[in-house]
Each structure stands twice: as C-alpha cells, then as structure tokens.
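Since the structure comes first, as structure tokens, the remarks are kept for the end.
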Amino acid sequence: MSWPFRPGCGLVDTAHRFDAAAAPLLRFARHDDRWLWPLARAALGEDAVLAYVGLVVSAPGSAAQPWHADGVALFPGAGAGLPAHALNCFVPLVDVTRDKGPTELVPGSHVATARLDAILRRGGAPSEVFAPELPVGDYLVYDQRTVHRGVPNTSGIDRPILYLLFARPWFKEHLNFGPTSLFADSVPAKKKKRRRRDGGAS
C-alpha cells in the first residue's frame, strides 16, 4: 500500500490493498455495470481497464490543496485533439457537503491552456470553478488531466472518498504513487526466478 501523505494539508492518499472488510468496495469497482463501466468504455474504448483503486481521506482541519492535475498530456504541445486516456471516478463514502471540503474542478482544463497555467503559476485562481456536493451514492467522473483541488474540511469528521482510475490498457500510472510502501515489511518479497539448467528461467 502506498501512502503519498501530503504534509500540512491533512490528506492521506492510499492505493488501496483490499482485505475482507473492503471486499464489497472491490466488487463494486470491478463489476458496476449500471453506470461506471459503460461510461468508462464509452470514453476509453471497449478494452478499458480498472488501473487503480484507492482511498483519499481529508481530515477535519485539512488545508486547501494547490491546484493540480493528476495526469499530464501524453504528448505536450499536441493541442486539444487528443481524447481521454484515463478517467478519475470519485465515490463518496460519506455525504460530501460544503463544510467537508468538496473537490473543486476547473471546467475545460483537461485541454492544456497556457493562460490557465500562467494564472496558477502567479498564484492566481481560475475564473470558473465547479465544486459539486455529493451525497452517498453519487459519482464524480472527470478526465485525469482536469485541474482540481481539495478544499478545507471544516467539519468535525473525516471525509473518505473511494477513487477509481479507469484507463486505456496501455496506460501506466507513474506520477502519483511511488514504489515504497508504508507497510513494506508486510508485503511478501518477490520470489526469485530459478535458473534452469538449459539457461532459461522458471
């Protein structure tokens, strides 16, 4: 399990390792054919895959995140013509009201624009922001390249959100999780391949 803990902002983001208690969430992520998978396949192709399942928790008193995108353009400078290669899906595990710090998104920012980038680099704010409040049972799905941020959780409880990353089968997530696990000692070591006498591996 990887934990990119974000110091000073009250957020913990984990690529989830499912145990028996979380098995229903895993079944939901893999088999929801009512909305999630039809949407993922429509946007990414019939061979779309579920690349990541994780949990992000915003604790009471958390600070606002900086504006960011979880993914970048595959080919910088290619312009607006590239279709989506990955979709983020947020599934709230509690009702996400204004005081719990909903995610703010910048509409249209999945298409890279020099103007927005310049504004953010100067410490400015986008002119248009969408921040949906989500009851349990709702989904929020957006292009991974969309600029967004979490805002302060001023309530008295944690705000856990299950997130799913759907992607085209050739896409590999390499920006958001490193190779080191917080629980490295509990992860079984990979078995070394045995060399056969003919020089091959088994």
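Within each chain, counting starts at residue 1; across the structure tokens, chains are named A, B, ... in the order shown, with ligands numbered 1 upward in that order.
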Report as CSV the residues of stretch 47-98 of chain A within 7 Å of stretch 140-153 of chain A, each with its shortest atom pair and distance in Å (one decimal), using only C-alpha atoms, ordered by chain and increasing residue number.
```
residue,atom,partner,partner_atom,distance
A:Ser58,CA,A:Asn153,CA,6.6
A:Ala59,CA,A:Asn153,CA,6.6
A:Pro60,CA,A:Asn153,CA,5.2
A:Gly61,CA,A:Asn153,CA,5.5
A:Ser62,CA,A:Pro152,CA,5.1
A:Ala63,CA,A:Pro152,CA,4.7
A:Ala64,CA,A:Val151,CA,4.2
A:Gln65,CA,A:Gly150,CA,5.3
A:Pro66,CA,A:Arg149,CA,6.1
A:Trp67,CA,A:Arg149,CA,5.1
A:His68,CA,A:Val147,CA,5.1
A:Ala69,CA,A:Val147,CA,4.5
A:Asp70,CA,A:Gln144,CA,5.8
A:Gly71,CA,A:Arg145,CA,4.7
A:Val72,CA,A:Arg145,CA,5.5
A:Ala73,CA,A:Arg145,CA,6.9
A:Ala84,CA,A:Asp143,CA,6.3
A:Ala86,CA,A:Gln144,CA,5.6
A:Leu87,CA,A:Asp143,CA,4.7
A:Asn88,CA,A:Tyr142,CA,5.4
A:Cys89,CA,A:Val141,CA,4.3
A:Phe90,CA,A:Leu140,CA,5.0
A:Val91,CA,A:Leu140,CA,6.8
```
Selected residues, C-alpha atoms, written as a short mmCIF file (atom, residue, chain, number, x, y, z; two decimals), in the first residue's frame, please.
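Everything below was put into result.cif:
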```cif
data_model
loop_
_atom_site.label_atom_id
_atom_site.label_comp_id
_atom_site.auth_asym_id
_atom_site.auth_seq_id
_atom_site.Cartn_x
_atom_site.Cartn_y
_atom_site.Cartn_z
CA SER A 58 -9.50 14.57 4.24
CA ALA A 59 -9.27 15.01 8.00
CA PRO A 60 -11.01 17.79 9.98
CA GLY A 61 -8.93 20.95 9.77
CA SER A 62 -7.28 19.98 6.49
CA ALA A 63 -5.97 22.85 4.38
CA ALA A 64 -6.73 23.64 0.77
CA GLN A 65 -4.63 21.80 -1.77
CA PRO A 66 -2.79 23.66 -4.51
CA TRP A 67 -4.40 23.47 -7.95
CA HIS A 68 -3.09 20.44 -9.80
CA ALA A 69 -3.91 17.72 -12.32
CA ASP A 70 -3.38 14.02 -11.57
CA GLY A 71 -2.31 13.36 -15.14
CA VAL A 72 -0.50 15.25 -17.87
CA ALA A 73 -0.84 15.42 -21.63
CA ALA A 84 -9.05 10.94 -22.87
CA ALA A 86 -7.70 7.95 -18.22
CA LEU A 87 -10.72 8.87 -16.09
CA ASN A 88 -10.85 9.54 -12.36
CA CYS A 89 -14.01 8.48 -10.55
CA PHE A 90 -14.77 9.66 -7.01
CA VAL A 91 -17.25 7.66 -4.94
#
```
Distance table requested - stretch 57-103 of chain A against stretch 118-135 of chain A, cut-off 10 Å, only C-alpha atoms: one row per qualifying residue with the closest atom pair and its distance in Å to one decimal, ordered by chain and rising residue number, as a tab-separated table.
```
residue	atom	partner	partner_atom	distance
A:Pro66	CA	A:Leu120	CA	9.1
A:Trp67	CA	A:Leu120	CA	7.4
A:His68	CA	A:Leu120	CA	9.3
A:Phe90	CA	A:Leu134	CA	9.5
A:Val91	CA	A:Leu134	CA	8.6
A:Pro92	CA	A:Leu134	CA	6.9
A:Leu93	CA	A:Pro135	CA	8.6
A:Val94	CA	A:Pro135	CA	7.0
A:Asp95	CA	A:Pro135	CA	4.2
A:Val96	CA	A:Leu134	CA	4.9
A:Thr97	CA	A:Glu133	CA	5.1
A:Arg98	CA	A:Glu133	CA	6.5
A:Asp99	CA	A:Glu133	CA	9.8
A:Lys100	CA	A:Glu133	CA	9.2
A:Gly101	CA	A:Glu133	CA	8.9
A:Pro102	CA	A:Ala131	CA	6.1
A:Thr103	CA	A:Ala131	CA	5.7
```
Nearest residue to A:His110 out of A:Val136, A:Val49, A:Leu82, A:Val57, using only C-alpha atoms?
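Counting only C-alpha atoms, the residue closest to A:His110 is A:Leu82.
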As a list in words, please: every residue in stretch 54-142 of chain A that a backbone DSSP assignment puts in strand (DSSP E).
Gly54, Leu55, Val56, Val57, Ser58, Ala86, Leu87, Asn88, Cys89, Phe90, Val91, Pro92, Thr103, Glu104, Leu105, Leu140, Val141 and Tyr142 of chain A
